[in-house]
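Read the structure below first, then the notes.
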Amino acid sequence: MVDVDRPRKWPAYAVAVLFLGYAAGKAAFALQARLGFPGGPPVSAAEAESYFLDAATAQWFATASGVLGACVALATVTALGRRVPRALMLLVLAGMLLAVGGGAGIMIVDGFVGIGVGWRWYHGVLGVLVIGLFAEMLRSYAAATRRAAS
């Protein structure tokens, strides 16, 4: 049987790798001053012009958010990160789950049902995996810090 209360570190490492991959993709597009994500649906020039930030600046902000997300994921399994108050870290992780879940949810719905964004079925599968992986990271952190607090 699987011990569901046992904390695991591998989900946090996997989430950190995913966030760094996101950041690398956004940095690649920032260097090209393009919106979108490599491997994702294209963004039309008309849509790109409708944003209040130019494409490169928007992508650099997204790159920074990916690096920050990777740092938070790693903080859930490192001694330095465990010094952060549990309530604050759980609040940050819940907010990140909403953001990640929202993006992944769009990929899932568009990939399987089609809402016009352009994600394919395999993006939907990836969205399901990302939500599950992030939820497991959050659960593992909560289990590990619950034992330390007791």
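Identifiers in this document derive from the order of the structure tokens: chains are assigned A, B, ..., residues are numbered from 1 separately in each chain, and ligands are numbered from 1 in order of occurrence.
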Which residues of region 28-76 of chain A come within 8 Å of region 5-20 of chain A, and for each one, what is the closest pair of atoms and their distance in Å to one decimal, counting only C-alpha atoms, sorted by chain and residue number, as JSON lines?
```
{"residue": "A:Gly66", "atom": "CA", "partner": "A:Phe19", "partner_atom": "CA", "distance": 4.9}
{"residue": "A:Val67", "atom": "CA", "partner": "A:Leu20", "partner_atom": "CA", "distance": 5.9}
{"residue": "A:Gly69", "atom": "CA", "partner": "A:Phe19", "partner_atom": "CA", "distance": 6.1}
{"residue": "A:Ala70", "atom": "CA", "partner": "A:Ala16", "partner_atom": "CA", "distance": 4.1}
{"residue": "A:Cys71", "atom": "CA", "partner": "A:Ala16", "partner_atom": "CA", "distance": 7.1}
{"residue": "A:Ala73", "atom": "CA", "partner": "A:Ala12", "partner_atom": "CA", "distance": 5.2}
{"residue": "A:Leu74", "atom": "CA", "partner": "A:Ala12", "partner_atom": "CA", "distance": 6.0}
{"residue": "A:Thr76", "atom": "CA", "partner": "A:Ala12", "partner_atom": "CA", "distance": 7.0}
```
Atoms to include: all heavy atoms. Write the selected residues as a compact mmCIF listing (two decimals), in the first residue's frame.
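What follows is the written file result_23.txt:
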```txt
# COMPACT_ATOMS: atom_id res chain seq x y z
N GLY A 66 8.25 32.37 -13.85
CA GLY A 66 8.63 30.97 -13.91
C GLY A 66 9.79 30.65 -12.99
O GLY A 66 9.79 29.62 -12.30
N VAL A 67 10.79 31.53 -12.95
CA VAL A 67 11.93 31.33 -12.06
C VAL A 67 11.48 31.42 -10.60
O VAL A 67 11.87 30.61 -9.76
CB VAL A 67 13.06 32.34 -12.36
CG1 VAL A 67 14.15 32.29 -11.32
CG2 VAL A 67 13.64 32.09 -13.75
N GLY A 69 8.48 30.77 -9.46
CA GLY A 69 7.72 29.55 -9.19
C GLY A 69 8.62 28.37 -8.89
O GLY A 69 8.35 27.57 -7.99
N ALA A 70 9.72 28.24 -9.63
CA ALA A 70 10.67 27.16 -9.39
C ALA A 70 11.31 27.32 -8.01
O ALA A 70 11.50 26.33 -7.28
CB ALA A 70 11.74 27.15 -10.47
N CYS A 71 11.63 28.55 -7.64
CA CYS A 71 12.22 28.80 -6.31
C CYS A 71 11.25 28.43 -5.20
O CYS A 71 11.64 27.82 -4.19
CB CYS A 71 12.66 30.25 -6.19
SG CYS A 71 14.08 30.68 -7.20
N ALA A 73 8.79 26.23 -5.41
CA ALA A 73 8.67 24.77 -5.41
C ALA A 73 9.84 24.14 -4.67
O ALA A 73 9.66 23.22 -3.86
CB ALA A 73 8.60 24.25 -6.85
N LEU A 74 11.04 24.63 -4.91
CA LEU A 74 12.21 24.09 -4.22
C LEU A 74 12.19 24.44 -2.73
O LEU A 74 12.69 23.68 -1.90
CB LEU A 74 13.49 24.59 -4.88
CG LEU A 74 13.75 24.03 -6.27
CD1 LEU A 74 15.00 24.66 -6.87
CD2 LEU A 74 13.88 22.51 -6.25
N THR A 76 9.78 24.29 -0.83
CA THR A 76 8.94 23.35 -0.08
C THR A 76 9.71 22.14 0.41
O THR A 76 9.22 21.42 1.28
CB THR A 76 7.73 22.87 -0.92
OG1 THR A 76 8.20 22.12 -2.04
CG2 THR A 76 6.88 24.04 -1.38
```
Report as a Markdown table: every residue of region 53-72 of chain A with an atom at most 8 Å from region 22-35 of chain A, its closest pair of atoms, and their distance in Å to one decimal, counting only C-alpha atoms, with rows sorted by chain and ascending residue number.
```
| residue | atom | partner | partner_atom | distance |
| --- | --- | --- | --- | --- |
| A:Asp54 | CA | A:Ala33 | CA | 7.8 |
| A:Ala55 | CA | A:Ala33 | CA | 5.2 |
| A:Ala56 | CA | A:Ala33 | CA | 4.3 |
| A:Thr57 | CA | A:Ala30 | CA | 7.1 |
| A:Ala58 | CA | A:Ala30 | CA | 7.7 |
| A:Gln59 | CA | A:Ala30 | CA | 4.9 |
| A:Trp60 | CA | A:Ala30 | CA | 5.9 |
| A:Ala62 | CA | A:Lys26 | CA | 6.3 |
| A:Thr63 | CA | A:Ala23 | CA | 4.2 |
| A:Ala64 | CA | A:Ala23 | CA | 6.9 |
| A:Ser65 | CA | A:Ala23 | CA | 7.4 |
| A:Gly66 | CA | A:Ala23 | CA | 4.6 |
| A:Val67 | CA | A:Ala23 | CA | 6.1 |
```
Please dump the current selection as a tab-separated table (two decimals), in the first residue's frame; keep all heavy atoms.
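Output below, filename part_39.tsv:
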```tsv
chain	number	residue	atom	x	y	z
A	54	ASP	N	4.76	45.79	-24.42
A	54	ASP	CA	5.28	45.18	-25.64
A	54	ASP	C	5.59	43.71	-25.34
A	54	ASP	O	5.74	43.29	-24.19
A	54	ASP	CB	6.52	45.94	-26.14
A	54	ASP	CG	7.68	45.85	-25.19
A	54	ASP	OD1	7.65	46.56	-24.16
A	54	ASP	OD2	8.61	45.08	-25.47
A	55	ALA	N	5.67	42.91	-26.39
A	55	ALA	CA	5.79	41.46	-26.25
A	55	ALA	C	7.03	41.06	-25.45
A	55	ALA	O	6.96	40.18	-24.59
A	55	ALA	CB	5.81	40.80	-27.63
A	56	ALA	N	8.16	41.69	-25.72
A	56	ALA	CA	9.40	41.30	-25.04
A	56	ALA	C	9.29	41.55	-23.53
A	56	ALA	O	9.66	40.68	-22.72
A	56	ALA	CB	10.58	42.06	-25.62
A	57	THR	N	8.76	42.69	-23.13
A	57	THR	CA	8.63	43.00	-21.71
A	57	THR	C	7.67	42.03	-21.03
A	57	THR	O	7.95	41.52	-19.94
A	57	THR	CB	8.13	44.45	-21.52
A	57	THR	OG1	9.03	45.33	-22.19
A	57	THR	CG2	8.03	44.81	-20.06
A	58	ALA	N	6.56	41.76	-21.67
A	58	ALA	CA	5.59	40.80	-21.11
A	58	ALA	C	6.22	39.43	-20.94
A	58	ALA	O	6.03	38.77	-19.90
A	58	ALA	CB	4.36	40.72	-22.01
A	59	GLN	N	7.00	39.00	-21.92
A	59	GLN	CA	7.62	37.68	-21.84
A	59	GLN	C	8.72	37.65	-20.76
A	59	GLN	O	8.91	36.63	-20.11
A	59	GLN	CB	8.20	37.27	-23.20
A	59	GLN	CG	7.15	37.06	-24.26
A	59	GLN	CD	6.28	35.84	-24.01
A	59	GLN	OE1	5.73	35.63	-22.93
A	59	GLN	NE2	6.13	35.02	-25.02
A	60	TRP	N	9.44	38.75	-20.58
A	60	TRP	CA	10.46	38.78	-19.51
A	60	TRP	C	9.79	38.71	-18.14
A	60	TRP	O	10.32	38.06	-17.23
A	60	TRP	CB	11.37	40.00	-19.63
A	60	TRP	CG	12.38	39.86	-20.72
A	60	TRP	CD1	12.53	40.68	-21.80
A	60	TRP	CD2	13.38	38.84	-20.86
A	60	TRP	NE1	13.56	40.22	-22.60
A	60	TRP	CE2	14.10	39.10	-22.05
A	60	TRP	CE3	13.72	37.72	-20.10
A	60	TRP	CZ2	15.14	38.29	-22.49
A	60	TRP	CZ3	14.76	36.92	-20.55
A	60	TRP	CH2	15.47	37.20	-21.72
A	62	ALA	N	7.01	37.12	-17.57
A	62	ALA	CA	6.60	35.72	-17.47
A	62	ALA	C	7.81	34.83	-17.15
A	62	ALA	O	7.69	33.86	-16.40
A	62	ALA	CB	5.93	35.27	-18.77
A	63	THR	N	8.96	35.16	-17.71
A	63	THR	CA	10.18	34.42	-17.40
A	63	THR	C	10.50	34.53	-15.91
A	63	THR	O	10.81	33.53	-15.25
A	63	THR	CB	11.37	34.96	-18.23
A	63	THR	OG1	11.07	34.81	-19.61
A	63	THR	CG2	12.66	34.24	-17.90
A	64	ALA	N	10.41	35.74	-15.38
A	64	ALA	CA	10.67	35.95	-13.95
A	64	ALA	C	9.68	35.17	-13.10
A	64	ALA	O	10.05	34.60	-12.07
A	64	ALA	CB	10.61	37.43	-13.63
A	65	SER	N	8.41	35.12	-13.51
A	65	SER	CA	7.42	34.37	-12.73
A	65	SER	C	7.73	32.88	-12.74
A	65	SER	O	7.50	32.19	-11.75
A	65	SER	CB	6.00	34.65	-13.22
A	65	SER	OG	5.75	34.01	-14.45
A	66	GLY	N	8.25	32.37	-13.85
A	66	GLY	CA	8.63	30.97	-13.91
A	66	GLY	C	9.79	30.65	-12.99
A	66	GLY	O	9.79	29.62	-12.30
A	67	VAL	N	10.79	31.53	-12.95
A	67	VAL	CA	11.93	31.33	-12.06
A	67	VAL	C	11.48	31.42	-10.60
A	67	VAL	O	11.87	30.61	-9.76
A	67	VAL	CB	13.06	32.34	-12.36
A	67	VAL	CG1	14.15	32.29	-11.32
A	67	VAL	CG2	13.64	32.09	-13.75
```
Open item on the list: Can you pull out the residues contacting region 97-109 of chain A? Cut-off 9 Å, using only C-alpha atoms, and skip same-chain residues under 5 positions away; I want them as a PyMOL selection string.
Closed with: chain A and resi 92+114-115+117-128+130-131+134-135+138
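CA of Arg86 (chain A) lies 27.1 Å from CA of Gly21 (chain A).
Interatomic distance, CA of Met96 (chain A) to CA of Gly36 (chain A): 20.2 Å.
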- [ ] Tell me, in Å to one decimal, how far CA of Tyr141 (chain A) is from CA of Val77 (chain A).
- [x]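 Result for CA of Tyr141 (chain A) versus CA of Val77 (chain A): 7.3 Å, one decimal.
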- [ ] Extract the full set of alpha helix (DSSP H) residues from chain A according to DSSP on the backbone, and format it as a PyMOL selection string.
- [x] chain A and resi 10-31+45-49+55-75+79-82+86-112+121-149
